[in-house]
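S.K.: Compact mmCIF, C-alpha atoms and all ligand atoms, saved as work.txt, coming up:
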# COMPACT_ATOMS: atom_id res chain seq x y z
CA MET A 765 -148.33 -144.46 143.13
CA SER A 766 -145.45 -142.37 144.45
CA VAL A 767 -142.26 -142.69 146.39
CA THR A 768 -140.24 -140.11 148.33
CA ILE A 769 -136.68 -139.80 147.10
CA ASN A 770 -134.34 -137.73 149.28
CA GLY A 771 -137.36 -135.90 150.68
CA VAL A 772 -138.98 -135.18 147.29
CA ALA A 773 -142.09 -137.01 146.06
CA ALA A 774 -141.79 -138.73 142.68
CA GLY A 775 -144.40 -140.57 140.65
CA LEU A 776 -143.56 -144.23 140.10
CA PRO A 777 -143.24 -145.54 136.53
CA PRO A 778 -146.36 -147.18 135.09
CA ASP A 779 -144.26 -150.12 133.83
CA PRO A 780 -143.92 -152.52 136.81
CA ARG A 781 -140.79 -154.09 135.30
CA VAL A 782 -138.58 -151.02 135.90
CA SER A 783 -135.98 -151.64 138.59
CA LEU A 784 -135.52 -149.09 141.33
CA LEU A 785 -131.96 -148.58 140.08
CA ASP A 786 -133.06 -147.76 136.53
CA PHE A 787 -135.85 -145.57 137.86
CA LEU A 788 -133.34 -143.54 139.89
CA ARG A 789 -130.71 -143.28 137.18
CA GLU A 790 -132.66 -143.20 133.93
CA ARG A 791 -135.94 -141.53 134.89
CA LEU A 792 -134.92 -139.21 137.74
CA ALA A 793 -131.30 -138.56 136.61
CA LEU A 794 -130.04 -139.45 140.10
CA THR A 795 -126.90 -141.01 138.70
CA GLY A 796 -125.01 -141.10 142.00
CA THR A 797 -126.34 -144.62 142.54
CA LYS A 798 -124.19 -146.86 140.36
CA LYS A 799 -124.91 -149.91 138.24
CA GLY A 800 -122.09 -152.42 138.61
CA CYS A 801 -123.17 -156.02 138.07
CA ASN A 802 -126.95 -155.42 137.88
CA GLN A 803 -127.45 -158.82 139.51
CA GLY A 804 -126.97 -158.37 143.24
CA GLY A 805 -123.28 -159.22 143.45
CA CYS A 806 -121.36 -155.96 143.93
CA GLY A 807 -123.29 -153.53 146.13
CA ALA A 808 -122.67 -150.51 143.89
CA CYS A 809 -126.41 -149.86 143.67
CA THR A 810 -127.07 -149.83 147.44
CA VAL A 811 -129.61 -147.26 148.65
CA LEU A 812 -131.64 -146.91 151.84
CA ALA A 813 -135.36 -147.74 151.95
CA ASP A 814 -136.82 -146.31 155.17
CA GLY A 815 -133.28 -146.52 156.56
CA VAL A 816 -132.68 -150.15 155.54
CA ARG A 817 -129.98 -150.88 152.97
CA ILE A 818 -131.22 -152.56 149.81
CA LEU A 819 -129.80 -153.46 146.41
CA SER A 820 -131.72 -151.26 144.02
CA CYS A 821 -130.82 -153.43 141.00
CA LEU A 822 -132.81 -156.29 142.52
CA ALA A 823 -135.77 -154.11 143.54
CA LEU A 824 -138.70 -153.11 141.38
CA ALA A 825 -139.55 -149.42 141.67
CA ALA A 826 -143.26 -150.28 141.98
CA GLN A 827 -142.54 -152.18 145.22
CA TYR A 828 -141.65 -148.91 146.95
CA ASP A 829 -144.99 -147.16 146.68
CA GLY A 830 -145.32 -144.91 149.73
CA ARG A 831 -141.78 -145.61 150.93
CA ARG A 832 -138.87 -143.27 151.63
CA ILE A 833 -135.70 -143.82 149.60
CA THR A 834 -132.36 -142.18 150.37
CA THR A 835 -129.60 -142.16 147.77
CA VAL A 836 -126.09 -140.76 148.00
CA GLU A 837 -127.44 -137.43 146.75
CA GLY A 838 -129.50 -137.21 149.94
CA LEU A 839 -126.70 -137.77 152.46
CA ALA A 840 -125.21 -134.29 152.62
CA ASP A 841 -127.00 -131.58 154.57
CA GLY A 842 -127.11 -128.79 152.02
CA GLY A 843 -123.48 -127.87 151.40
CA THR A 844 -122.23 -129.85 154.40
CA LEU A 845 -121.04 -133.36 153.71
CA HIS A 846 -122.28 -136.23 155.85
CA PRO A 847 -119.65 -137.12 158.52
CA LEU A 848 -119.05 -140.44 156.77
CA GLN A 849 -118.44 -138.69 153.45
CA ARG A 850 -115.84 -136.51 155.16
CA ALA A 851 -114.24 -139.58 156.71
CA PHE A 852 -113.96 -141.27 153.30
CA ILE A 853 -111.98 -138.25 152.11
CA GLU A 854 -109.79 -138.14 155.23
CA HIS A 855 -109.07 -141.89 155.21
CA ASP A 856 -108.52 -142.45 151.48
CA GLY A 857 -111.73 -144.45 151.20
CA PHE A 858 -111.89 -144.34 147.43
CA GLN A 859 -109.91 -144.16 144.23
CA CYS A 860 -112.17 -144.06 141.15
CA GLY A 861 -115.23 -143.52 143.35
CA TYR A 862 -117.51 -145.87 141.44
CA CYS A 863 -118.34 -148.04 144.45
CA THR A 864 -118.42 -145.11 146.89
CA PRO A 865 -122.14 -144.19 146.80
CA GLY A 866 -123.03 -147.79 147.53
CA GLN A 867 -120.37 -148.04 150.22
CA LEU A 868 -121.71 -144.94 151.97
CA CYS A 869 -125.37 -145.97 151.89
CA SER A 870 -124.49 -149.52 152.87
CA ALA A 871 -122.39 -148.36 155.84
CA ILE A 872 -125.16 -146.12 157.13
CA GLY A 873 -127.67 -148.96 156.88
CA MET A 874 -125.16 -151.34 158.45
CA VAL A 875 -124.72 -149.09 161.50
CA ALA A 876 -128.48 -149.07 162.05
CA GLU A 877 -128.48 -152.89 161.89
CA ALA A 878 -125.76 -153.07 164.54
CA GLU A 879 -127.66 -150.62 166.75
CA ARG A 880 -130.68 -152.91 166.52
CA GLY A 881 -128.49 -155.82 167.66
CA VAL A 882 -128.67 -157.71 164.37
CA PRO A 883 -125.77 -160.21 164.57
CA SER A 884 -123.32 -160.92 161.77
CA HIS A 885 -121.30 -164.06 161.02
CA VAL A 886 -118.52 -162.84 163.36
CA THR A 887 -120.63 -161.55 166.26
CA ALA A 888 -119.67 -163.40 169.45
CA GLY A 889 -122.60 -162.38 171.66
CA VAL A 890 -125.55 -162.97 169.37
CA ALA A 891 -127.99 -162.13 172.20
CA ASP A 892 -126.43 -158.71 172.83
CA GLU A 893 -128.80 -155.79 172.44
CA GLU A 894 -126.25 -153.74 170.53
CA VAL A 895 -123.27 -154.87 168.48
CA VAL A 896 -119.94 -153.05 168.91
CA LEU A 897 -118.51 -152.25 165.51
CA THR A 898 -115.02 -153.69 165.70
CA ALA A 899 -112.94 -153.72 162.52
CA ASP A 900 -113.88 -157.39 162.02
CA GLU A 901 -117.57 -156.59 162.37
CA ILE A 902 -117.30 -153.75 159.88
CA ARG A 903 -115.34 -155.91 157.41
CA GLU A 904 -117.86 -158.73 157.62
CA ARG A 905 -120.89 -156.48 157.42
CA MET A 906 -119.49 -154.55 154.45
CA SER A 907 -118.42 -157.66 152.57
CA GLY A 908 -121.28 -157.29 150.10
CA ASN A 909 -119.83 -154.03 148.79
CA LEU A 910 -116.94 -154.67 146.46
CA CYS A 911 -114.27 -152.15 145.48
CA ARG A 912 -112.38 -153.04 142.34
CA CYS A 913 -109.80 -150.34 143.14
CA GLY A 914 -108.92 -152.15 146.37
CA ALA A 915 -109.71 -149.22 148.64
CA HIS A 916 -111.19 -151.55 151.26
CA ASN A 917 -108.68 -150.67 153.98
CA GLY A 918 -109.47 -146.96 153.68
CA ILE A 919 -113.20 -147.72 153.57
CA ILE A 920 -113.01 -149.75 156.78
CA ASP A 921 -110.87 -147.05 158.44
CA ALA A 922 -113.37 -144.35 157.48
CA ILE A 923 -116.34 -146.32 158.82
CA ALA A 924 -114.43 -147.23 162.00
CA ALA A 925 -113.44 -143.61 162.60
CA THR A 926 -117.07 -142.52 162.26
CA TYR A 927 -118.95 -145.37 163.91
CA GLY A 928 -116.46 -147.90 165.31
CA GLU A 929 -115.70 -148.82 168.90
CA GLU A 930 -113.14 -146.03 169.27
CA ALA A 931 -115.51 -143.44 167.82
CA SER A 932 -118.21 -144.18 170.39
S1 LIG B 1001 -125.43 -153.34 140.60
FE1 LIG B 1001 -126.71 -154.03 142.22
S2 LIG B 1001 -125.45 -155.41 143.33
FE2 LIG B 1001 -124.24 -154.87 141.61
S1 LIG B 1002 -113.01 -146.71 144.55
FE1 LIG B 1002 -112.97 -147.60 142.56
S2 LIG B 1002 -114.29 -149.28 142.75
FE2 LIG B 1002 -114.10 -148.58 144.77
Render the structure in this file as structure tokens.
Ligand code: FES
Ligand code: FES
M.R.:
Amino acid sequence: MSVTINGVAAGLPPDPRVSLLDFLRERLALTGTKKGCNQGGCGACTVLADGVRILSCLALAAQYDGRRITTVEGLADGGTLHPLQRAFIEHDGFQCGYCTPGQLCSAIGMVAEAERGVPSHVTAGVADEEVVLTADEIRERMSGNLCRCGAHNGIIDAIAATYGEEAS
């Protein structure tokens, strides 16, 4: 059983009880993905599974046999930061940075959801093929990612500058 992490194949742990989060952090030393609550409430552990955002603390590593996982370590292109990473710097999207890896992965997954027309609680036209990422849409869709430093305004600004209605 193996999984591809940031483009590199890795053997899955034989113990089926190991969470994907612990597998990433403790076995592969990919400590960019953070453990906040470890019970699905904070979003710090968000990674992408085949482009879909998931909470790695609630996922068992063994479930991801044959899948493609992207963590924050896989967002930059060599020495070039991902545009959203640059926007977080430019828009003061973090203070301590603990929630940031989850915020980044979650935002990238969130944009893909909007492109597929997946509605949120605040979407007016639920039948629309694509959802425009207004500030309200971004706020609602990112509400599962908490920031104890209160950097939410900068986070929303960074996402809006990269993917929002004025960026498109
Ligand atoms: S550590 Fe996974 S949601 Fe908080
Ligand atoms: S920047 Fe500190 S928790 Fe978000």
S.K.: Pick out the closest residue to Glu877 (chain A) from this set: A:Glu929, A:Glu894, A:Asp779, A:Asp856. Count only C-alpha atoms.
M.R.: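 Result for the nearest residue to Glu877 (chain A): A:Glu894.
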S.K.: Could you check the closest approach to Thr926 (chain A) for each of A:Asp841, A:Asp814, A:Glu854, A:Glu790 and tell me which residue wins, using all atoms listed in the file?
M.R.: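 That would be A:Glu854, the residue with the smallest distance to Thr926 (chain A).
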S.K.: Throw together the list of residues within 9 Å of ligand LIG 1002 (chain B), counting only C-alpha atoms and all ligand atoms, and drop it here as a list of chain:residue names.
M.R.: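 Counting only C-alpha atoms and all ligand atoms, the residues within 9 Å of ligand LIG 1002 (chain B) come out as A:Ala808, A:Gly857, A:Phe858, A:Gln859, A:Cys860, A:Gly861, A:Tyr862, A:Cys863, A:Thr864, A:Gln867, A:Asn909, A:Leu910, A:Cys911, A:Arg912, A:Cys913, A:Gly914, A:Ala915, A:His916, A:Ile919.
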S.K.: Sorted by chain and rising residue number, list the residues of chain A at most 10 Å from ligand LIG 1001 (chain B) (counting all atoms listed in the file), each with its closest atom pair and distance in Å to one decimal, as JSON lines.
M.R.:
{"residue": "A:Leu785", "atom": "CA", "partner": "B:LIG1001", "partner_atom": "FE1", "distance": 7.9}
{"residue": "A:Thr797", "atom": "CA", "partner": "B:LIG1001", "partner_atom": "S1", "distance": 9.0}
{"residue": "A:Lys798", "atom": "CA", "partner": "B:LIG1001", "partner_atom": "S1", "distance": 6.6}
{"residue": "A:Lys799", "atom": "CA", "partner": "B:LIG1001", "partner_atom": "S1", "distance": 4.2}
{"residue": "A:Gly800", "atom": "CA", "partner": "B:LIG1001", "partner_atom": "S1", "distance": 4.0}
{"residue": "A:Cys801", "atom": "CA", "partner": "B:LIG1001", "partner_atom": "FE2", "distance": 3.9}
{"residue": "A:Asn802", "atom": "CA", "partner": "B:LIG1001", "partner_atom": "S1", "distance": 3.7}
{"residue": "A:Gln803", "atom": "CA", "partner": "B:LIG1001", "partner_atom": "S2", "distance": 5.5}
{"residue": "A:Gly804", "atom": "CA", "partner": "B:LIG1001", "partner_atom": "S2", "distance": 3.3}
{"residue": "A:Gly805", "atom": "CA", "partner": "B:LIG1001", "partner_atom": "S2", "distance": 4.4}
{"residue": "A:Cys806", "atom": "CA", "partner": "B:LIG1001", "partner_atom": "FE2", "distance": 3.9}
{"residue": "A:Gly807", "atom": "CA", "partner": "B:LIG1001", "partner_atom": "S2", "distance": 4.0}
{"residue": "A:Ala808", "atom": "CA", "partner": "B:LIG1001", "partner_atom": "S1", "distance": 5.1}
{"residue": "A:Cys809", "atom": "CA", "partner": "B:LIG1001", "partner_atom": "FE1", "distance": 4.4}
{"residue": "A:Thr810", "atom": "CA", "partner": "B:LIG1001", "partner_atom": "FE1", "distance": 6.7}
{"residue": "A:Val811", "atom": "CA", "partner": "B:LIG1001", "partner_atom": "FE1", "distance": 9.8}
{"residue": "A:Ile818", "atom": "CA", "partner": "B:LIG1001", "partner_atom": "FE1", "distance": 9.0}
{"residue": "A:Leu819", "atom": "CA", "partner": "B:LIG1001", "partner_atom": "FE1", "distance": 5.2}
{"residue": "A:Ser820", "atom": "CA", "partner": "B:LIG1001", "partner_atom": "FE1", "distance": 6.0}
{"residue": "A:Cys821", "atom": "CA", "partner": "B:LIG1001", "partner_atom": "FE1", "distance": 4.3}
{"residue": "A:Leu822", "atom": "CA", "partner": "B:LIG1001", "partner_atom": "FE1", "distance": 6.5}
{"residue": "A:Ala823", "atom": "CA", "partner": "B:LIG1001", "partner_atom": "FE1", "distance": 9.2}
{"residue": "A:Cys863", "atom": "CA", "partner": "B:LIG1001", "partner_atom": "FE2", "distance": 9.5}
{"residue": "A:Gly866", "atom": "CA", "partner": "B:LIG1001", "partner_atom": "FE1", "distance": 9.0}
{"residue": "A:Gly908", "atom": "CA", "partner": "B:LIG1001", "partner_atom": "S2", "distance": 8.2}
{"residue": "A:Asn909", "atom": "CA", "partner": "B:LIG1001", "partner_atom": "S2", "distance": 8.0}
{"residue": "A:Leu910", "atom": "CA", "partner": "B:LIG1001", "partner_atom": "FE2", "distance": 8.8}
S.K.: Between A:Ala774, A:Leu868, A:Ser766, A:Phe787, which one has atoms that come closest to Ala851 (chain A), using only C-alpha atoms?
M.R.: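 For Ala851 (chain A), the nearest of the given residues is A:Leu868.
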S.K.: Write out as a PyMOL selection string which residues come within 9 Å of Leu839 (chain A) when counting all atoms listed in the file, dropping same-chain ones fewer than 6 positions away.
M.R.: chain A and resi 770+845-846+849+868-869
S.K.: What does the distance between CA of Glu879 (chain A) and CA of Val896 (chain A) come to in Å, to one decimal place?
M.R.: 8.4 Å
S.K.: Using only C-alpha atoms, which of A:His885, A:Met906, A:Val890, A:Gly775 sits nearest Gly830 (chain A)?
M.R.: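 Closest to Gly830 (chain A), using only C-alpha atoms: A:Gly775.
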